[in-house]
file coords_34.txt (compact mmCIF, C-alpha atoms)
# COMPACT_ATOMS: atom_id res chain seq x y z
CA MET G 1 -67.80 172.41 29.86
CA ILE G 2 -70.71 171.15 27.76
CA ARG G 3 -69.73 167.80 26.29
CA CYS G 4 -73.07 166.69 24.85
CA VAL G 5 -76.25 168.25 23.52
CA MET G 6 -79.54 166.42 23.91
CA PHE G 7 -82.21 167.28 21.36
CA ASP G 8 -85.92 166.68 21.53
CA LEU G 9 -87.40 165.47 18.21
CA ASP G 10 -91.12 166.21 17.81
CA ALA G 11 -91.70 169.96 17.34
CA THR G 12 -87.99 170.61 17.93
CA LEU G 13 -85.82 168.95 15.29
CA LEU G 14 -89.03 168.03 13.45
CA PRO G 15 -91.33 171.08 13.38
CA MET G 16 -95.01 170.19 13.66
CA ASP G 17 -98.29 171.02 15.30
CA GLN G 18 -97.98 168.32 17.92
CA ASP G 19 -101.70 168.19 18.72
CA ALA G 20 -102.57 167.76 15.03
CA PHE G 21 -99.91 165.07 14.70
CA LEU G 22 -101.20 163.11 17.70
CA ARG G 23 -104.83 163.35 16.54
CA SER G 24 -103.90 162.04 13.09
CA TYR G 25 -101.70 159.34 14.56
CA MET G 26 -104.41 158.07 16.88
CA LYS G 27 -107.01 158.09 14.11
CA LYS G 28 -104.80 156.02 11.81
CA LEU G 29 -103.72 153.62 14.55
CA CYS G 30 -107.31 152.98 15.64
CA ALA G 31 -108.41 152.44 12.03
CA PHE G 32 -105.55 149.98 11.51
CA LEU G 33 -106.43 147.89 14.57
CA ALA G 34 -110.14 147.98 13.69
CA GLN G 35 -109.42 145.47 10.93
CA TYR G 36 -108.55 142.99 13.69
CA GLY G 37 -111.87 143.56 15.41
CA PHE G 38 -110.79 146.11 18.02
CA ALA G 39 -113.15 149.00 18.69
CA PRO G 40 -111.45 152.36 17.98
CA GLN G 41 -112.60 153.94 21.24
CA ALA G 42 -111.22 151.01 23.23
CA VAL G 43 -107.90 151.21 21.38
CA ALA G 44 -107.58 154.95 21.94
CA ALA G 45 -108.30 154.62 25.66
CA ALA G 46 -105.88 151.70 26.04
CA VAL G 47 -103.09 153.47 24.17
CA MET G 48 -103.50 156.50 26.42
CA LYS G 49 -103.33 154.27 29.52
CA GLY G 50 -100.26 152.50 28.15
CA THR G 51 -98.60 155.82 27.37
CA GLY G 52 -99.32 156.96 30.92
CA ALA G 53 -97.62 153.83 32.22
CA MET G 54 -94.48 154.83 30.30
CA ILE G 55 -94.60 158.47 31.41
CA TYR G 56 -94.80 157.41 35.06
CA ASN G 57 -92.40 154.48 34.78
CA ASP G 58 -90.13 154.35 37.82
CA GLY G 59 -87.22 152.56 36.18
CA ARG G 60 -88.02 149.02 37.28
CA GLN G 61 -88.87 147.90 33.74
CA THR G 62 -88.43 149.19 30.23
CA ASN G 63 -91.03 151.56 28.83
CA GLU G 64 -91.78 148.87 26.25
CA ASP G 65 -92.75 146.34 28.92
CA ALA G 66 -94.71 148.97 30.85
CA PHE G 67 -96.71 149.86 27.74
CA TRP G 68 -97.57 146.34 26.60
CA GLN G 69 -98.51 145.21 30.09
CA VAL G 70 -101.04 148.01 30.54
CA PHE G 71 -102.18 148.05 26.91
CA SER G 72 -103.00 144.35 27.07
CA ALA G 73 -104.74 144.69 30.43
CA GLU G 74 -106.92 147.52 29.12
CA MET G 75 -107.77 145.61 25.93
CA LYS G 76 -108.51 142.50 28.03
CA THR G 77 -106.37 140.34 25.75
CA ASP G 78 -102.67 139.75 25.12
CA MET G 79 -101.81 142.34 22.47
CA ARG G 80 -98.21 141.21 22.01
CA PRO G 81 -99.14 138.85 19.10
CA TYR G 82 -100.14 141.99 17.17
CA GLU G 83 -96.70 143.56 17.59
CA SER G 84 -95.49 142.50 14.13
CA ALA G 85 -98.68 143.87 12.59
CA LEU G 86 -98.09 147.18 14.36
CA GLU G 87 -94.51 147.27 13.07
CA HIS G 88 -96.00 146.99 9.57
CA PHE G 89 -98.28 149.91 10.45
CA TYR G 90 -95.26 152.03 11.41
CA GLN G 91 -93.52 151.08 8.17
CA THR G 92 -96.50 152.03 6.01
CA GLU G 93 -99.50 154.01 7.35
CA PHE G 94 -97.43 155.92 9.88
CA ASP G 95 -95.35 157.44 7.09
CA THR G 96 -98.39 159.34 5.80
CA LEU G 97 -98.21 161.48 8.96
CA GLN G 98 -95.20 163.23 7.48
CA SER G 99 -97.76 165.50 5.79
CA VAL G 100 -98.56 167.20 9.12
CA THR G 101 -94.89 168.07 9.72
CA TYR G 102 -92.78 170.75 8.05
CA PRO G 103 -89.11 169.82 8.29
CA SER G 104 -86.46 172.54 8.49
CA PRO G 105 -82.92 172.22 7.09
CA LYS G 106 -81.78 174.13 10.17
CA ALA G 107 -82.38 170.99 12.25
CA ALA G 108 -79.60 169.15 10.45
CA GLU G 109 -77.46 172.28 10.68
CA CYS G 110 -77.82 172.21 14.47
CA ILE G 111 -76.61 168.60 14.56
CA ARG G 112 -73.67 169.40 12.29
CA THR G 113 -72.71 172.33 14.49
CA VAL G 114 -72.66 170.11 17.58
CA LYS G 115 -70.66 167.35 15.91
CA GLU G 116 -68.14 169.73 14.35
CA SER G 117 -67.44 171.10 17.83
CA GLY G 118 -66.51 167.59 18.99
CA ARG G 119 -69.52 167.26 21.26
CA LEU G 120 -71.90 164.32 21.36
CA ALA G 121 -75.38 164.71 19.89
CA ILE G 122 -78.16 162.77 21.62
CA LEU G 123 -81.69 162.31 20.31
CA ALA G 124 -83.59 162.72 23.56
CA THR G 125 -87.06 162.21 22.17
CA ASN G 126 -89.56 161.07 24.77
CA PRO G 127 -89.19 157.27 24.58
CA VAL G 128 -92.81 156.26 24.08
CA PHE G 129 -92.39 154.95 20.50
CA PRO G 130 -90.68 151.85 19.12
CA VAL G 131 -87.49 152.14 17.07
CA VAL G 132 -89.29 151.92 13.71
CA ALA G 133 -91.52 154.91 14.52
CA THR G 134 -88.59 156.96 15.80
CA ARG G 135 -86.50 156.24 12.73
CA ALA G 136 -89.42 157.30 10.51
CA ARG G 137 -89.70 160.67 12.26
CA MET G 138 -85.94 161.13 12.04
CA ARG G 139 -86.10 160.45 8.31
CA TRP G 140 -88.85 163.05 7.88
CA ALA G 141 -86.60 165.56 9.65
CA GLY G 142 -83.70 164.75 7.32
CA LEU G 143 -81.63 163.29 10.15
CA ASN G 144 -79.25 160.33 10.17
CA ILE G 145 -79.37 157.91 13.10
CA ASN G 146 -75.57 157.61 12.90
CA ASP G 147 -75.26 161.26 13.92
CA PHE G 148 -76.43 160.43 17.43
CA ALA G 149 -74.56 158.65 20.19
CA ILE G 150 -77.88 157.56 21.73
CA VAL G 151 -81.45 157.62 20.43
CA THR G 152 -83.98 157.00 23.19
CA THR G 153 -86.81 154.63 22.28
CA TYR G 154 -89.29 152.72 24.39
CA ASP G 155 -87.20 149.53 24.37
CA ASN G 156 -83.96 151.10 25.64
CA SER G 157 -85.40 153.45 28.26
CA SER G 158 -87.06 153.07 31.65
CA TYR G 159 -88.01 156.69 32.28
CA CYS G 160 -89.72 159.48 30.37
CA LYS G 161 -89.70 163.25 30.36
CA PRO G 162 -90.46 165.22 32.50
CA ASN G 163 -89.02 162.87 35.13
CA PRO G 164 -85.54 164.23 36.00
CA ALA G 165 -84.40 160.60 36.21
CA TYR G 166 -84.69 160.42 32.40
CA PHE G 167 -81.97 163.04 31.99
CA LEU G 168 -79.84 161.67 34.81
CA ASP G 169 -79.98 158.19 33.28
CA LEU G 170 -78.84 159.54 29.90
CA ALA G 171 -75.91 161.36 31.49
CA ARG G 172 -74.97 158.21 33.38
CA ARG G 173 -75.05 156.12 30.19
CA LEU G 174 -72.73 158.63 28.56
CA GLY G 175 -70.36 158.67 31.52
CA LEU G 176 -70.95 162.40 31.99
CA GLN G 177 -71.98 164.69 34.79
CA PRO G 178 -75.41 166.30 34.25
CA SER G 179 -73.71 169.71 34.29
CA GLU G 180 -71.78 168.64 31.17
CA CYS G 181 -75.02 168.26 29.19
CA LEU G 182 -77.33 170.72 27.43
CA MET G 183 -80.99 169.87 26.70
CA VAL G 184 -82.69 171.54 23.74
CA GLY G 185 -86.47 171.29 23.40
CA ASN G 186 -89.71 173.15 22.75
CA ASP G 187 -91.75 172.09 25.79
CA THR G 188 -91.47 174.07 29.02
CA SER G 189 -92.71 171.10 31.05
CA ASP G 190 -91.10 168.07 29.43
CA ASP G 191 -87.81 169.46 28.17
CA MET G 192 -87.06 172.22 30.64
CA ALA G 193 -87.42 169.65 33.44
CA ALA G 194 -83.79 168.87 32.57
CA ARG G 195 -82.82 171.87 34.68
CA GLU G 196 -84.09 170.00 37.75
CA ALA G 197 -81.46 167.37 36.97
CA ASP G 198 -78.74 170.06 36.79
CA LEU G 199 -78.51 170.15 32.98
CA SER G 200 -78.21 173.37 31.03
CA VAL G 201 -81.23 174.06 28.80
CA PHE G 202 -82.31 175.95 25.70
CA LEU G 203 -85.99 176.44 24.92
CA LEU G 204 -86.75 176.44 21.19
CA THR G 205 -89.72 178.72 20.56
CA GLU G 206 -90.49 177.76 16.93
CA CYS G 207 -93.22 175.31 18.02
CA LEU G 208 -93.44 176.31 21.65
CA ILE G 209 -95.51 174.21 24.05
CA ASN G 210 -96.13 176.06 27.30
CA SER G 211 -99.19 174.42 28.84
CA ARG G 212 -98.49 175.87 32.29
CA ASN G 213 -97.81 179.41 31.08
CA ALA G 214 -94.29 179.36 32.48
CA ASP G 215 -92.21 182.52 32.31
CA ILE G 216 -89.88 181.59 29.45
CA SER G 217 -87.49 184.43 30.29
CA GLN G 218 -86.02 182.11 32.92
CA TYR G 219 -84.56 179.95 30.14
CA PRO G 220 -82.16 180.74 27.32
CA HIS G 221 -84.61 180.68 24.41
CA GLY G 222 -85.29 181.66 20.82
CA ASN G 223 -85.79 180.41 17.26
CA TYR G 224 -83.50 178.18 15.18
CA ASP G 225 -81.11 181.03 14.42
CA ASP G 226 -80.88 181.84 18.11
CA LEU G 227 -80.25 178.17 18.87
CA LEU G 228 -77.46 177.97 16.30
CA ALA G 229 -75.87 181.08 17.78
CA HIS G 230 -76.19 179.55 21.26
CA LEU G 231 -74.54 176.30 20.12
CA ARG G 232 -71.70 178.17 18.42
CA ALA G 233 -71.18 180.34 21.47
CA LEU G 234 -70.51 177.20 23.53
CA ASP G 235 -67.09 176.99 21.89
CA ALA G 236 -66.08 180.43 23.13
CA HIS G 237 -67.61 179.80 26.56
CA ASP G 238 -65.91 176.42 26.98
CA GLY G 239 -62.66 177.36 25.25
CA VAL G 240 -63.12 174.71 22.55

call {"tool": "encode", "arguments": {"input": "coords_34.txt", "output": "structure tokens"}}
result
Amino acid sequence: MIRCVMFDLDATLLPMDQDAFLRSYMKKLCAFLAQYGFAPQAVAAAVMKGTGAMIYNDGRQTNEDAFWQVFSAEMKTDMRPYESALEHFYQTEFDTLQSVTYPSPKAAECIRTVKESGRLAILATNPVFPVVATRARMRWAGLNINDFAIVTTYDNSSYCKPNPAYFLDLARRLGLQPSECLMVGNDTSDDMAAREADLSVFLLTECLINSRNADISQYPHGNYDDLLAHLRALDAHDGV
């Protein structure tokens, strides 16, 4: 029986061109830190290194600590004193990135469908952002943080997708078996890696990312309407 549904956020519950979003995000972040005397190219390279540290985190520290440790090392100065300034960035400049997204009311409908069935909804967004940035993107998508039993952010997570340990850790925190969980996402590498952890999966094709040209026929897949039908069919399958 499926007892919880884990949803990716970027390009899943929040439709977007993810490459365009990341380019705009990096440009604005580098411009923001330039006012403190940091060269944009150095910032971009350090952020990428810090993000890599989170992606390959082995669970011995939070993603937050992994990021700041590497980010500071790459910038050759302790960047933690700028954390409050960056929070201000996420509360202001970051919000302008909403313009490169195109929210769909069907995202909220998916969450309602899960909750009305009595299942848990989890926001399983890759935890490489702080809480303030994740809440902003949820707001753009028309989602309420209270709808989710867990929202993964860089401070409460020690793994990232596509590491199967990310999904196993979420199931453990929920007190569930991996086989009781369904992962919904748009990325054949990051999100469909949940299958390696024995989760069920659904590949949303609205903003499909398939960098390795995987055969998507191996996964249940489709657009928002197909996803809603799949979620509703869980009731009949599980006898809910």

call {"tool": "residues_around", "arguments": {"input": "coords_34.txt", "residues": "stretch 125-128 of chain G", "least_positions_apart": "6", "cutoff": "9 Å", "atoms": "all atoms listed in the file", "output": "ChimeraX atom specification"}}
result
/G:6-10,51,54-55,63-64,67,134,151-162,190

call {"tool": "residues_near_point", "arguments": {"input": "coords_34.txt", "point": "(-71.9, 160.9, 27.0)", "cutoff": "9 Å", "atoms": "only C-alpha atoms", "output": "PyMOL selection string"}}
result
chain G and resi 3-4+119-122+149-150+170-177+180-181

call {"tool": "closest_residue", "arguments": {"input": "coords_34.txt", "among": "G:Cys207, G:Asp78, G:Phe89, G:Ala45", "to": "G:Gln18", "atoms": "all atoms listed in the file"}}
result
G:Cys207

call {"tool": "closest_residue", "arguments": {"input": "coords_34.txt", "among": "G:Met75, G:Ala53, G:Leu227, G:Ala133", "to": "G:Val184", "atoms": "all atoms listed in the file"}}
result
G:Leu227

call {"tool": "atom_distance", "arguments": {"input": "coords_34.txt", "atom1": "atom CA of G:His221", "atom2": "atom CA of G:Leu204"}}
result
5.7 Å

call {"tool": "atom_distance", "arguments": {"input": "coords_34.txt", "atom1": "atom CA of G:Tyr36", "atom2": "atom CA of G:Gln91"}}
result
17.9 Å

call {"tool": "residues_around", "arguments": {"input": "coords_34.txt", "residues": "G:Arg139", "least_positions_apart": "5", "cutoff": "10 Å", "atoms": "only C-alpha atoms", "output": "number ranges by chain"}}
result
G: 14, 95, 98, 103, 133-134, 144-145

call {"tool": "closest_residue", "arguments": {"input": "coords_34.txt", "among": "G:Ala194, G:Leu22, G:Lys28, G:Met1", "to": "G:Tyr166", "atoms": "all atoms listed in the file"}}
result
G:Ala194

call {"tool": "atom_distance", "arguments": {"input": "coords_34.txt", "atom1": "atom CA of G:Arg232", "atom2": "atom CA of G:Ser200"}}
result
15.0 Å

call {"tool": "residues_around", "arguments": {"input": "coords_34.txt", "residues": "G:Ser72", "least_positions_apart": "3", "cutoff": "12 Å", "atoms": "only C-alpha atoms", "output": "PyMOL selection string"}}
result
chain G and resi 42-43+45-47+49-50+65-69+75-83

call {"tool": "residues_around", "arguments": {"input": "coords_34.txt", "residues": "G:Ser24", "least_positions_apart": "6", "cutoff": "12 Å", "atoms": "all atoms listed in the file", "output": "PyMOL selection string"}}
result
chain G and resi 17-18+30-31+44+93-101
